[in-house]
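File shown here: run_30.cif, holding mmCIF, N, CA and C atoms.
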```cif
data_run
loop_
_atom_site.group_PDB
_atom_site.id
_atom_site.type_symbol
_atom_site.label_atom_id
_atom_site.label_comp_id
_atom_site.auth_asym_id
_atom_site.auth_seq_id
_atom_site.Cartn_x
_atom_site.Cartn_y
_atom_site.Cartn_z
ATOM 1 N N MET A 92 -74.894 21.030 -16.532
ATOM 2 C CA MET A 92 -76.024 20.843 -17.426
ATOM 3 C C MET A 92 -77.203 21.646 -16.878
ATOM 4 N N ALA A 93 -77.823 22.404 -17.739
ATOM 5 C CA ALA A 93 -79.035 23.144 -17.377
ATOM 6 C C ALA A 93 -80.195 22.155 -17.283
ATOM 7 N N VAL A 94 -81.132 22.440 -16.387
ATOM 8 C CA VAL A 94 -82.272 21.540 -16.178
ATOM 9 C C VAL A 94 -83.566 22.339 -16.152
ATOM 10 N N ALA A 95 -84.561 21.842 -16.866
ATOM 11 C CA ALA A 95 -85.922 22.392 -16.815
ATOM 12 C C ALA A 95 -86.835 21.246 -16.405
ATOM 13 N N GLU A 96 -87.644 21.470 -15.377
ATOM 14 C CA GLU A 96 -88.545 20.428 -14.900
ATOM 15 C C GLU A 96 -89.990 20.752 -15.257
ATOM 16 N N LEU A 97 -90.645 19.753 -15.834
ATOM 17 C CA LEU A 97 -92.074 19.835 -16.118
ATOM 18 C C LEU A 97 -92.795 18.895 -15.159
ATOM 19 N N ASN A 98 -93.931 19.312 -14.647
ATOM 20 C CA ASN A 98 -94.729 18.492 -13.746
ATOM 21 C C ASN A 98 -95.639 17.602 -14.590
ATOM 22 N N GLY A 99 -95.221 16.349 -14.771
ATOM 23 C CA GLY A 99 -95.989 15.422 -15.597
ATOM 24 C C GLY A 99 -97.387 15.154 -15.065
ATOM 25 N N ALA A 100 -97.561 15.213 -13.745
ATOM 26 C CA ALA A 100 -98.891 14.989 -13.156
ATOM 27 C C ALA A 100 -99.848 16.122 -13.506
ATOM 28 N N ALA A 101 -99.319 17.312 -13.760
ATOM 29 C CA ALA A 101 -100.149 18.468 -14.119
ATOM 30 C C ALA A 101 -100.461 18.514 -15.610
ATOM 31 N N ILE A 102 -99.785 17.680 -16.387
ATOM 32 C CA ILE A 102 -99.990 17.667 -17.834
ATOM 33 C C ILE A 102 -101.058 16.633 -18.154
ATOM 34 N N VAL A 103 -102.260 17.114 -18.434
ATOM 35 C CA VAL A 103 -103.392 16.230 -18.704
ATOM 36 C C VAL A 103 -103.881 16.325 -20.145
ATOM 37 N N ASP A 104 -103.355 17.301 -20.878
ATOM 38 C CA ASP A 104 -103.700 17.489 -22.278
ATOM 39 C C ASP A 104 -102.648 18.408 -22.894
ATOM 40 N N GLU A 105 -102.805 18.697 -24.175
ATOM 41 C CA GLU A 105 -101.809 19.534 -24.853
ATOM 42 C C GLU A 105 -101.773 20.948 -24.279
ATOM 43 N N ALA A 106 -102.920 21.497 -23.916
ATOM 44 C CA ALA A 106 -102.962 22.853 -23.351
ATOM 45 C C ALA A 106 -102.162 22.936 -22.051
ATOM 46 N N SER A 107 -102.299 21.940 -21.182
ATOM 47 C CA SER A 107 -101.551 21.956 -19.923
ATOM 48 C C SER A 107 -100.055 21.717 -20.163
ATOM 49 N N PHE A 108 -99.709 20.965 -21.209
ATOM 50 C CA PHE A 108 -98.299 20.822 -21.577
ATOM 51 C C PHE A 108 -97.705 22.183 -21.922
ATOM 52 N N HIS A 109 -98.437 22.962 -22.677
ATOM 53 C CA HIS A 109 -97.920 24.288 -23.061
ATOM 54 C C HIS A 109 -97.850 25.226 -21.860
ATOM 55 N N ARG A 110 -98.792 25.135 -20.934
ATOM 56 C CA ARG A 110 -98.714 25.937 -19.703
ATOM 57 C C ARG A 110 -97.460 25.578 -18.909
ATOM 58 N N GLU A 111 -97.231 24.281 -18.755
ATOM 59 C CA GLU A 111 -96.038 23.825 -18.039
ATOM 60 C C GLU A 111 -94.764 24.251 -18.771
ATOM 61 N N SER A 112 -94.788 24.183 -20.088
ATOM 62 C CA SER A 112 -93.623 24.586 -20.878
ATOM 63 C C SER A 112 -93.348 26.080 -20.732
ATOM 64 N N ARG A 113 -94.387 26.886 -20.772
ATOM 65 C CA ARG A 113 -94.214 28.337 -20.557
ATOM 66 C C ARG A 113 -93.528 28.591 -19.220
ATOM 67 N N ARG A 114 -94.010 27.909 -18.180
ATOM 68 C CA ARG A 114 -93.459 28.100 -16.842
ATOM 69 C C ARG A 114 -92.004 27.629 -16.769
ATOM 70 N N ALA A 115 -91.743 26.429 -17.256
ATOM 71 C CA ALA A 115 -90.426 25.812 -17.110
ATOM 72 C C ALA A 115 -89.355 26.454 -17.997
ATOM 73 N N PHE A 116 -89.738 26.840 -19.211
ATOM 74 C CA PHE A 116 -88.752 27.348 -20.164
ATOM 75 C C PHE A 116 -88.729 28.873 -20.269
ATOM 76 N N GLY A 117 -89.750 29.535 -19.746
ATOM 77 C CA GLY A 117 -89.790 30.986 -19.840
ATOM 78 C C GLY A 117 -89.995 31.477 -21.265
ATOM 79 N N PHE A 118 -90.883 30.803 -21.986
ATOM 80 C CA PHE A 118 -91.168 31.207 -23.363
ATOM 81 C C PHE A 118 -91.695 32.649 -23.401
ATOM 82 N N PRO A 119 -91.505 33.333 -24.525
ATOM 83 C CA PRO A 119 -91.974 34.724 -24.626
ATOM 84 C C PRO A 119 -93.504 34.810 -24.667
ATOM 85 N N GLU A 120 -94.007 35.987 -24.408
ATOM 86 C CA GLU A 120 -95.459 36.222 -24.430
ATOM 87 C C GLU A 120 -96.075 35.842 -25.777
ATOM 88 N N SER A 121 -95.304 35.944 -26.838
ATOM 89 C CA SER A 121 -95.801 35.645 -28.188
ATOM 90 C C SER A 121 -95.913 34.141 -28.470
ATOM 91 N N TYR A 122 -95.505 33.294 -27.512
ATOM 92 C CA TYR A 122 -95.564 31.845 -27.691
ATOM 93 C C TYR A 122 -96.997 31.433 -28.035
ATOM 94 N N ALA A 123 -97.135 30.626 -29.075
ATOM 95 C CA ALA A 123 -98.447 30.326 -29.657
ATOM 96 C C ALA A 123 -99.116 29.057 -29.122
ATOM 97 N N ASP A 124 -98.586 28.432 -28.084
ATOM 98 C CA ASP A 124 -99.184 27.219 -27.510
ATOM 99 C C ASP A 124 -99.434 26.136 -28.561
ATOM 100 N N SER A 125 -98.413 25.863 -29.345
ATOM 101 C CA SER A 125 -98.491 24.793 -30.337
ATOM 102 C C SER A 125 -97.156 24.054 -30.355
ATOM 103 N N ILE A 126 -97.171 22.848 -30.861
ATOM 104 C CA ILE A 126 -95.935 22.069 -30.956
ATOM 105 C C ILE A 126 -94.947 22.764 -31.886
ATOM 106 N N ASP A 127 -95.433 23.362 -32.960
ATOM 107 C CA ASP A 127 -94.540 24.086 -33.873
ATOM 108 C C ASP A 127 -93.848 25.240 -33.149
ATOM 109 N N ALA A 128 -94.593 25.970 -32.323
ATOM 110 C CA ALA A 128 -94.005 27.076 -31.559
ATOM 111 C C ALA A 128 -93.002 26.542 -30.538
ATOM 112 N N TRP A 129 -93.305 25.405 -29.919
ATOM 113 C CA TRP A 129 -92.401 24.777 -28.957
ATOM 114 C C TRP A 129 -91.073 24.447 -29.632
ATOM 115 N N VAL A 130 -91.154 23.824 -30.812
ATOM 116 C CA VAL A 130 -89.948 23.478 -31.571
ATOM 117 C C VAL A 130 -89.177 24.740 -31.929
ATOM 118 N N ASP A 131 -89.870 25.760 -32.387
ATOM 119 C CA ASP A 131 -89.199 27.014 -32.737
ATOM 120 C C ASP A 131 -88.444 27.588 -31.546
ATOM 121 N N CYS A 132 -89.082 27.678 -30.402
ATOM 122 C CA CYS A 132 -88.433 28.240 -29.211
ATOM 123 C C CYS A 132 -87.231 27.406 -28.787
ATOM 124 N N MET A 133 -87.360 26.099 -28.828
ATOM 125 C CA MET A 133 -86.285 25.223 -28.372
ATOM 126 C C MET A 133 -85.138 25.134 -29.376
ATOM 127 N N SER A 134 -85.324 25.681 -30.549
ATOM 128 C CA SER A 134 -84.285 25.673 -31.576
ATOM 129 C C SER A 134 -83.323 26.849 -31.438
ATOM 130 N N TYR A 135 -83.541 27.726 -30.480
ATOM 131 C CA TYR A 135 -82.711 28.918 -30.313
ATOM 132 C C TYR A 135 -82.027 28.954 -28.948
ATOM 133 N N LEU A 136 -81.693 27.808 -28.399
ATOM 134 C CA LEU A 136 -81.110 27.745 -27.060
ATOM 135 C C LEU A 136 -79.693 28.290 -26.991
ATOM 136 N N ARG A 137 -79.017 28.357 -28.110
ATOM 137 C CA ARG A 137 -77.638 28.866 -28.124
ATOM 138 C C ARG A 137 -77.524 30.204 -28.833
ATOM 139 N N ASP A 138 -78.633 30.827 -29.103
ATOM 140 C CA ASP A 138 -78.652 32.118 -29.799
ATOM 141 C C ASP A 138 -79.119 33.220 -28.853
ATOM 142 N N ASP A 139 -79.004 34.433 -29.305
ATOM 143 C CA ASP A 139 -79.420 35.596 -28.506
ATOM 144 C C ASP A 139 -80.871 35.993 -28.766
ATOM 145 N N GLU A 140 -81.699 35.072 -29.181
ATOM 146 C CA GLU A 140 -83.080 35.383 -29.538
ATOM 147 C C GLU A 140 -84.008 35.521 -28.336
ATOM 148 N N ASN A 141 -83.568 35.060 -27.149
ATOM 149 C CA ASN A 141 -84.378 35.115 -25.933
ATOM 150 C C ASN A 141 -85.726 34.404 -26.093
ATOM 151 N N MET A 142 -85.686 33.226 -26.711
ATOM 152 C CA MET A 142 -86.912 32.443 -26.887
ATOM 153 C C MET A 142 -87.214 31.583 -25.655
ATOM 154 N N THR A 143 -86.211 31.419 -24.779
ATOM 155 C CA THR A 143 -86.381 30.729 -23.503
ATOM 156 C C THR A 143 -85.559 31.487 -22.465
ATOM 157 N N ARG A 144 -85.689 31.090 -21.213
ATOM 158 C CA ARG A 144 -84.861 31.703 -20.173
ATOM 159 C C ARG A 144 -83.468 31.084 -20.146
ATOM 160 N N PHE A 145 -83.228 30.080 -20.994
ATOM 161 C CA PHE A 145 -81.942 29.400 -21.054
ATOM 162 C C PHE A 145 -81.098 29.948 -22.196
ATOM 163 N N ARG A 146 -79.820 30.081 -21.939
ATOM 164 C CA ARG A 146 -78.842 30.447 -22.974
ATOM 165 C C ARG A 146 -77.689 29.474 -22.809
ATOM 166 N N LEU A 147 -77.647 28.462 -23.665
ATOM 167 C CA LEU A 147 -76.667 27.389 -23.536
ATOM 168 C C LEU A 147 -75.339 27.748 -24.175
ATOM 169 N N GLU A 148 -74.278 27.256 -23.562
ATOM 170 C CA GLU A 148 -72.941 27.342 -24.141
ATOM 171 C C GLU A 148 -72.856 26.328 -25.284
ATOM 172 N N PRO A 149 -71.850 26.431 -26.153
ATOM 173 C CA PRO A 149 -71.771 25.551 -27.326
ATOM 174 C C PRO A 149 -71.849 24.051 -27.041
ATOM 175 N N SER A 150 -71.307 23.590 -25.935
ATOM 176 C CA SER A 150 -71.346 22.150 -25.662
ATOM 177 C C SER A 150 -72.323 21.790 -24.538
ATOM 178 N N GLU A 151 -73.074 22.768 -24.047
ATOM 179 C CA GLU A 151 -74.000 22.535 -22.938
ATOM 180 C C GLU A 151 -75.304 21.897 -23.436
ATOM 181 N N VAL A 152 -75.920 21.115 -22.563
ATOM 182 C CA VAL A 152 -77.173 20.434 -22.869
ATOM 183 C C VAL A 152 -78.229 20.866 -21.864
ATOM 184 N N LEU A 153 -79.443 21.065 -22.344
ATOM 185 C CA LEU A 153 -80.583 21.322 -21.479
ATOM 186 C C LEU A 153 -81.306 20.000 -21.259
ATOM 187 N N GLU A 154 -81.337 19.562 -20.008
ATOM 188 C CA GLU A 154 -82.065 18.344 -19.675
ATOM 189 C C GLU A 154 -83.508 18.724 -19.346
ATOM 190 N N ILE A 155 -84.429 18.172 -20.089
ATOM 191 C CA ILE A 155 -85.851 18.366 -19.835
ATOM 192 C C ILE A 155 -86.311 17.185 -18.994
ATOM 193 N N VAL A 156 -86.610 17.449 -17.740
ATOM 194 C CA VAL A 156 -87.030 16.398 -16.816
ATOM 195 C C VAL A 156 -88.548 16.484 -16.663
ATOM 196 N N ILE A 157 -89.216 15.398 -16.972
ATOM 197 C CA ILE A 157 -90.654 15.324 -16.742
ATOM 198 C C ILE A 157 -90.860 14.524 -15.462
ATOM 199 N N LEU A 158 -91.196 15.242 -14.396
ATOM 200 C CA LEU A 158 -91.485 14.612 -13.116
ATOM 201 C C LEU A 158 -92.821 13.891 -13.228
ATOM 202 N N ASP A 159 -92.971 12.781 -12.557
ATOM 203 C CA ASP A 159 -94.157 11.939 -12.716
ATOM 204 C C ASP A 159 -94.337 11.573 -14.186
ATOM 205 N N GLY A 160 -93.218 11.310 -14.831
ATOM 206 C CA GLY A 160 -93.220 11.003 -16.260
ATOM 207 C C GLY A 160 -94.013 9.761 -16.608
ATOM 208 N N GLU A 161 -94.001 8.777 -15.725
ATOM 209 C CA GLU A 161 -94.766 7.554 -16.000
ATOM 210 C C GLU A 161 -96.272 7.825 -15.973
ATOM 211 N N THR A 162 -96.688 8.762 -15.120
ATOM 212 C CA THR A 162 -98.096 9.164 -15.079
ATOM 213 C C THR A 162 -98.492 9.798 -16.402
ATOM 214 N N MET A 163 -97.635 10.695 -16.882
ATOM 215 C CA MET A 163 -97.913 11.355 -18.163
ATOM 216 C C MET A 163 -97.874 10.342 -19.299
ATOM 217 N N LYS A 164 -96.904 9.440 -19.251
ATOM 218 C CA LYS A 164 -96.779 8.421 -20.302
ATOM 219 C C LYS A 164 -98.033 7.554 -20.386
ATOM 220 N N ALA A 165 -98.599 7.186 -19.231
ATOM 221 C CA ALA A 165 -99.809 6.363 -19.207
ATOM 222 C C ALA A 165 -101.022 7.135 -19.704
ATOM 223 N N ALA A 166 -101.103 8.415 -19.347
ATOM 224 C CA ALA A 166 -102.273 9.225 -19.703
ATOM 225 C C ALA A 166 -102.206 9.782 -21.119
ATOM 226 N N LEU A 167 -101.006 10.152 -21.553
ATOM 227 C CA LEU A 167 -100.853 10.844 -22.839
ATOM 228 C C LEU A 167 -99.680 10.273 -23.642
ATOM 229 N N PRO A 168 -99.733 8.999 -23.990
ATOM 230 C CA PRO A 168 -98.588 8.405 -24.697
ATOM 231 C C PRO A 168 -98.297 9.068 -26.038
ATOM 232 N N ASP A 169 -99.326 9.508 -26.758
ATOM 233 C CA ASP A 169 -99.109 10.124 -28.066
ATOM 234 C C ASP A 169 -98.398 11.473 -27.921
ATOM 235 N N LEU A 170 -98.779 12.255 -26.925
ATOM 236 C CA LEU A 170 -98.133 13.548 -26.707
ATOM 237 C C LEU A 170 -96.678 13.346 -26.302
ATOM 238 N N LEU A 171 -96.423 12.403 -25.425
ATOM 239 C CA LEU A 171 -95.050 12.146 -25.002
ATOM 240 C C LEU A 171 -94.206 11.670 -26.178
ATOM 241 N N GLU A 172 -94.786 10.839 -27.025
ATOM 242 C CA GLU A 172 -94.070 10.380 -28.218
ATOM 243 C C GLU A 172 -93.765 11.558 -29.152
ATOM 244 N N GLU A 173 -94.711 12.475 -29.291
ATOM 245 C CA GLU A 173 -94.494 13.640 -30.139
ATOM 246 C C GLU A 173 -93.391 14.537 -29.576
ATOM 247 N N ILE A 174 -93.386 14.724 -28.271
ATOM 248 C CA ILE A 174 -92.342 15.534 -27.634
ATOM 249 C C ILE A 174 -90.981 14.889 -27.851
ATOM 250 N N SER A 175 -90.901 13.585 -27.653
ATOM 251 C CA SER A 175 -89.654 12.855 -27.861
ATOM 252 C C SER A 175 -89.182 12.984 -29.312
ATOM 253 N N PHE A 176 -90.100 12.859 -30.248
ATOM 254 C CA PHE A 176 -89.787 13.015 -31.669
ATOM 255 C C PHE A 176 -89.253 14.421 -31.943
ATOM 256 N N CYS A 177 -89.888 15.428 -31.344
ATOM 257 C CA CYS A 177 -89.466 16.816 -31.541
ATOM 258 C C CYS A 177 -88.075 17.059 -30.966
ATOM 259 N N VAL A 178 -87.798 16.505 -29.787
ATOM 260 C CA VAL A 178 -86.466 16.635 -29.185
ATOM 261 C C VAL A 178 -85.420 16.052 -30.131
ATOM 262 N N GLY A 179 -85.696 14.876 -30.691
ATOM 263 C CA GLY A 179 -84.776 14.275 -31.655
ATOM 264 C C GLY A 179 -84.576 15.140 -32.882
ATOM 265 N N GLY A 180 -85.661 15.696 -33.405
ATOM 266 C CA GLY A 180 -85.575 16.566 -34.577
ATOM 267 C C GLY A 180 -84.812 17.850 -34.300
ATOM 268 N N ILE A 181 -85.016 18.416 -33.123
ATOM 269 C CA ILE A 181 -84.297 19.637 -32.744
ATOM 270 C C ILE A 181 -82.805 19.335 -32.634
ATOM 271 N N ASN A 182 -82.468 18.217 -32.004
ATOM 272 C CA ASN A 182 -81.054 17.843 -31.897
ATOM 273 C C ASN A 182 -80.433 17.633 -33.275
ATOM 274 N N GLU A 183 -81.173 17.032 -34.192
ATOM 275 C CA GLU A 183 -80.680 16.878 -35.566
ATOM 276 C C GLU A 183 -80.448 18.233 -36.214
ATOM 277 N N ARG A 184 -81.331 19.170 -35.950
ATOM 278 C CA ARG A 184 -81.183 20.517 -36.500
ATOM 279 C C ARG A 184 -79.891 21.153 -35.996
ATOM 280 N N TYR A 185 -79.632 21.011 -34.694
ATOM 281 C CA TYR A 185 -78.366 21.540 -34.154
ATOM 282 C C TYR A 185 -77.174 20.881 -34.838
ATOM 283 N N GLU A 186 -77.232 19.560 -35.005
ATOM 284 C CA GLU A 186 -76.134 18.849 -35.661
ATOM 285 C C GLU A 186 -75.959 19.294 -37.103
ATOM 286 N N ASP A 187 -77.058 19.573 -37.799
ATOM 287 C CA ASP A 187 -76.986 20.047 -39.180
ATOM 288 C C ASP A 187 -76.227 21.366 -39.275
ATOM 289 N N TYR A 188 -76.257 22.154 -38.199
ATOM 290 C CA TYR A 188 -75.539 23.424 -38.164
ATOM 291 C C TYR A 188 -74.151 23.278 -37.551
ATOM 292 N N GLY A 189 -73.690 22.035 -37.407
ATOM 293 C CA GLY A 189 -72.358 21.781 -36.896
ATOM 294 C C GLY A 189 -72.231 21.921 -35.390
ATOM 295 N N GLU A 190 -73.352 21.902 -34.680
ATOM 296 C CA GLU A 190 -73.344 22.030 -33.232
ATOM 297 C C GLU A 190 -73.661 20.685 -32.587
ATOM 298 N N LYS A 191 -73.364 20.606 -31.297
ATOM 299 C CA LYS A 191 -73.704 19.412 -30.536
ATOM 300 C C LYS A 191 -75.194 19.430 -30.211
ATOM 301 N N PRO A 192 -75.796 18.247 -30.028
ATOM 302 C CA PRO A 192 -77.201 18.206 -29.597
ATOM 303 C C PRO A 192 -77.386 19.035 -28.324
ATOM 304 N N ALA A 193 -78.538 19.666 -28.200
ATOM 305 C CA ALA A 193 -78.776 20.595 -27.088
ATOM 306 C C ALA A 193 -79.777 20.085 -26.075
ATOM 307 N N LEU A 194 -80.497 19.018 -26.373
ATOM 308 C CA LEU A 194 -81.582 18.588 -25.492
ATOM 309 C C LEU A 194 -81.444 17.128 -25.075
ATOM 310 N N LYS A 195 -81.864 16.867 -23.857
ATOM 311 C CA LYS A 195 -81.960 15.506 -23.335
ATOM 312 C C LYS A 195 -83.292 15.413 -22.611
ATOM 313 N N LEU A 196 -84.098 14.413 -22.928
ATOM 314 C CA LEU A 196 -85.397 14.213 -22.315
ATOM 315 C C LEU A 196 -85.304 13.077 -21.300
ATOM 316 N N THR A 197 -85.727 13.365 -20.057
ATOM 317 C CA THR A 197 -85.666 12.387 -18.980
ATOM 318 C C THR A 197 -87.021 12.297 -18.293
ATOM 319 N N LEU A 198 -87.501 11.082 -18.090
ATOM 320 C CA LEU A 198 -88.716 10.858 -17.321
ATOM 321 C C LEU A 198 -88.317 10.424 -15.916
ATOM 322 N N ARG A 199 -88.907 11.060 -14.919
ATOM 323 C CA ARG A 199 -88.651 10.671 -13.520
ATOM 324 C C ARG A 199 -89.942 10.406 -12.822
#
```

Show the structure stored in the file as structure tokens.
Amino acid sequence: MAVAELNGAAIVDEASFHRESRRAFGFPESYADSIDAWVDCMSYLRDDENMTRFRLEPSEVLEIVILDGETMKAALPDLLEEISFCVGGINERYEDYGEKPALKLTLR
């Protein structure tokens, strides 16, 4: 399983979430620092689009680990809920295309 770690203690607002995401996922320079752009990039994990540094095999899952996740959850519960919702929606999108879910969100 591929793993991307985000530093939850460094995520204090949406802007810092996008900075951490750029670092952890290797988003392209054109990444727009928005939740919509995050969803778009994470929707191409099994394609040759190079939207992240990850290229998953058909049954492989990318585990998104948020270190100090409880700190982030206490400080930014709405953002964490939105990320969780997006992960679920992205996995549904993969399933709609006949693929296995590609993402797993873990708080540590």

Check what the PyMOL selection byres (((chain A and resi 137 and name CA) around 6) and name CA) selects in the file above and give those residues as a list in words. Tyr135, Leu136, Asp138, Arg146 and Leu147 of chain A

Shell around Glu105 (chain A) at 12 Å using only C-alpha atoms, local window under 3 positions removed, as JSON, numbers by chain: {"A": [99, 101, 102, 108, 109, 110, 111, 112, 124, 125, 126, 129, 163, 166, 167, 168, 169, 170, 171, 173, 174]}

Given the selection you just returned, output its residues as a file containing N, CA and C atoms, formatted as an mmCIF file, in the coordinates of the input.
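As written to disk, result_37.cif reads:
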```
data_model
loop_
_atom_site.group_PDB
_atom_site.id
_atom_site.type_symbol
_atom_site.label_atom_id
_atom_site.label_comp_id
_atom_site.auth_asym_id
_atom_site.auth_seq_id
_atom_site.Cartn_x
_atom_site.Cartn_y
_atom_site.Cartn_z
ATOM 1 N N GLY A 99 -95.221 16.349 -14.771
ATOM 2 C CA GLY A 99 -95.989 15.422 -15.597
ATOM 3 C C GLY A 99 -97.387 15.154 -15.065
ATOM 4 N N ALA A 101 -99.319 17.312 -13.760
ATOM 5 C CA ALA A 101 -100.149 18.468 -14.119
ATOM 6 C C ALA A 101 -100.461 18.514 -15.610
ATOM 7 N N ILE A 102 -99.785 17.680 -16.387
ATOM 8 C CA ILE A 102 -99.990 17.667 -17.834
ATOM 9 C C ILE A 102 -101.058 16.633 -18.154
ATOM 10 N N PHE A 108 -99.709 20.965 -21.209
ATOM 11 C CA PHE A 108 -98.299 20.822 -21.577
ATOM 12 C C PHE A 108 -97.705 22.183 -21.922
ATOM 13 N N HIS A 109 -98.437 22.962 -22.677
ATOM 14 C CA HIS A 109 -97.920 24.288 -23.061
ATOM 15 C C HIS A 109 -97.850 25.226 -21.860
ATOM 16 N N ARG A 110 -98.792 25.135 -20.934
ATOM 17 C CA ARG A 110 -98.714 25.937 -19.703
ATOM 18 C C ARG A 110 -97.460 25.578 -18.909
ATOM 19 N N GLU A 111 -97.231 24.281 -18.755
ATOM 20 C CA GLU A 111 -96.038 23.825 -18.039
ATOM 21 C C GLU A 111 -94.764 24.251 -18.771
ATOM 22 N N SER A 112 -94.788 24.183 -20.088
ATOM 23 C CA SER A 112 -93.623 24.586 -20.878
ATOM 24 C C SER A 112 -93.348 26.080 -20.732
ATOM 25 N N ASP A 124 -98.586 28.432 -28.084
ATOM 26 C CA ASP A 124 -99.184 27.219 -27.510
ATOM 27 C C ASP A 124 -99.434 26.136 -28.561
ATOM 28 N N SER A 125 -98.413 25.863 -29.345
ATOM 29 C CA SER A 125 -98.491 24.793 -30.337
ATOM 30 C C SER A 125 -97.156 24.054 -30.355
ATOM 31 N N ILE A 126 -97.171 22.848 -30.861
ATOM 32 C CA ILE A 126 -95.935 22.069 -30.956
ATOM 33 C C ILE A 126 -94.947 22.764 -31.886
ATOM 34 N N TRP A 129 -93.305 25.405 -29.919
ATOM 35 C CA TRP A 129 -92.401 24.777 -28.957
ATOM 36 C C TRP A 129 -91.073 24.447 -29.632
ATOM 37 N N MET A 163 -97.635 10.695 -16.882
ATOM 38 C CA MET A 163 -97.913 11.355 -18.163
ATOM 39 C C MET A 163 -97.874 10.342 -19.299
ATOM 40 N N ALA A 166 -101.103 8.415 -19.347
ATOM 41 C CA ALA A 166 -102.273 9.225 -19.703
ATOM 42 C C ALA A 166 -102.206 9.782 -21.119
ATOM 43 N N LEU A 167 -101.006 10.152 -21.553
ATOM 44 C CA LEU A 167 -100.853 10.844 -22.839
ATOM 45 C C LEU A 167 -99.680 10.273 -23.642
ATOM 46 N N PRO A 168 -99.733 8.999 -23.990
ATOM 47 C CA PRO A 168 -98.588 8.405 -24.697
ATOM 48 C C PRO A 168 -98.297 9.068 -26.038
ATOM 49 N N ASP A 169 -99.326 9.508 -26.758
ATOM 50 C CA ASP A 169 -99.109 10.124 -28.066
ATOM 51 C C ASP A 169 -98.398 11.473 -27.921
ATOM 52 N N LEU A 170 -98.779 12.255 -26.925
ATOM 53 C CA LEU A 170 -98.133 13.548 -26.707
ATOM 54 C C LEU A 170 -96.678 13.346 -26.302
ATOM 55 N N LEU A 171 -96.423 12.403 -25.425
ATOM 56 C CA LEU A 171 -95.050 12.146 -25.002
ATOM 57 C C LEU A 171 -94.206 11.670 -26.178
ATOM 58 N N GLU A 173 -94.711 12.475 -29.291
ATOM 59 C CA GLU A 173 -94.494 13.640 -30.139
ATOM 60 C C GLU A 173 -93.391 14.537 -29.576
ATOM 61 N N ILE A 174 -93.386 14.724 -28.271
ATOM 62 C CA ILE A 174 -92.342 15.534 -27.634
ATOM 63 C C ILE A 174 -90.981 14.889 -27.851
#
```

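The space separating CA of Thr197 (chain A) from CA of Val156 (chain A) comes to 4.8 Å.
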
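The environment of Val94 (chain A) within 6.5 Å, counting only N, CA and C atoms and disregarding residues fewer than 6 places along the same chain, consists of Val152, Leu153, Glu154, Ile155 and Val156 of chain A.
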
Just to confirm, what's the straight-line distance from CA of Met133 (chain A) to CA of Ala115 (chain A) in Å (one decimal)? 12.0 Å

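If only C-alpha atoms are the atoms counted, then among A:Ala95, A:Val130, A:Val103, A:Tyr188 the closest residue to Arg144 (chain A) is A:Ala95.
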
Figure out the distance between CA of Ser107 (chain A) and atom C of Ala123 (chain A), please, to one decimal in Å.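 Those two atoms sit 11.9 Å apart.
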
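With all atoms listed in the file as the atoms that count, the minimum distance from Ser150 (chain A) to the choices A:Arg199, A:Lys164, A:Arg114, A:Lys191 is reached by A:Lys191.
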
Would you please give, as a ChimeraX atom specification, all residues of chain A that DSSP assigns to strand (DSSP E) based on the backbone? /A:93-98,153-158,194-198

Quick check on the file I pasted: which residues fall under the PyMOL selection byres (((chain A and resi 178 and name CA) around 10) and name CA)? Write them as a PyMOL selection string. chain A and resi 130+133-134+155+172-177+179-184+192-196

Hits from the PyMOL selection byres (((chain A and resi 119 and name CA) around 10) and name CA), listed as number ranges by chain: A: 113, 116-118, 120-123, 132, 141-144
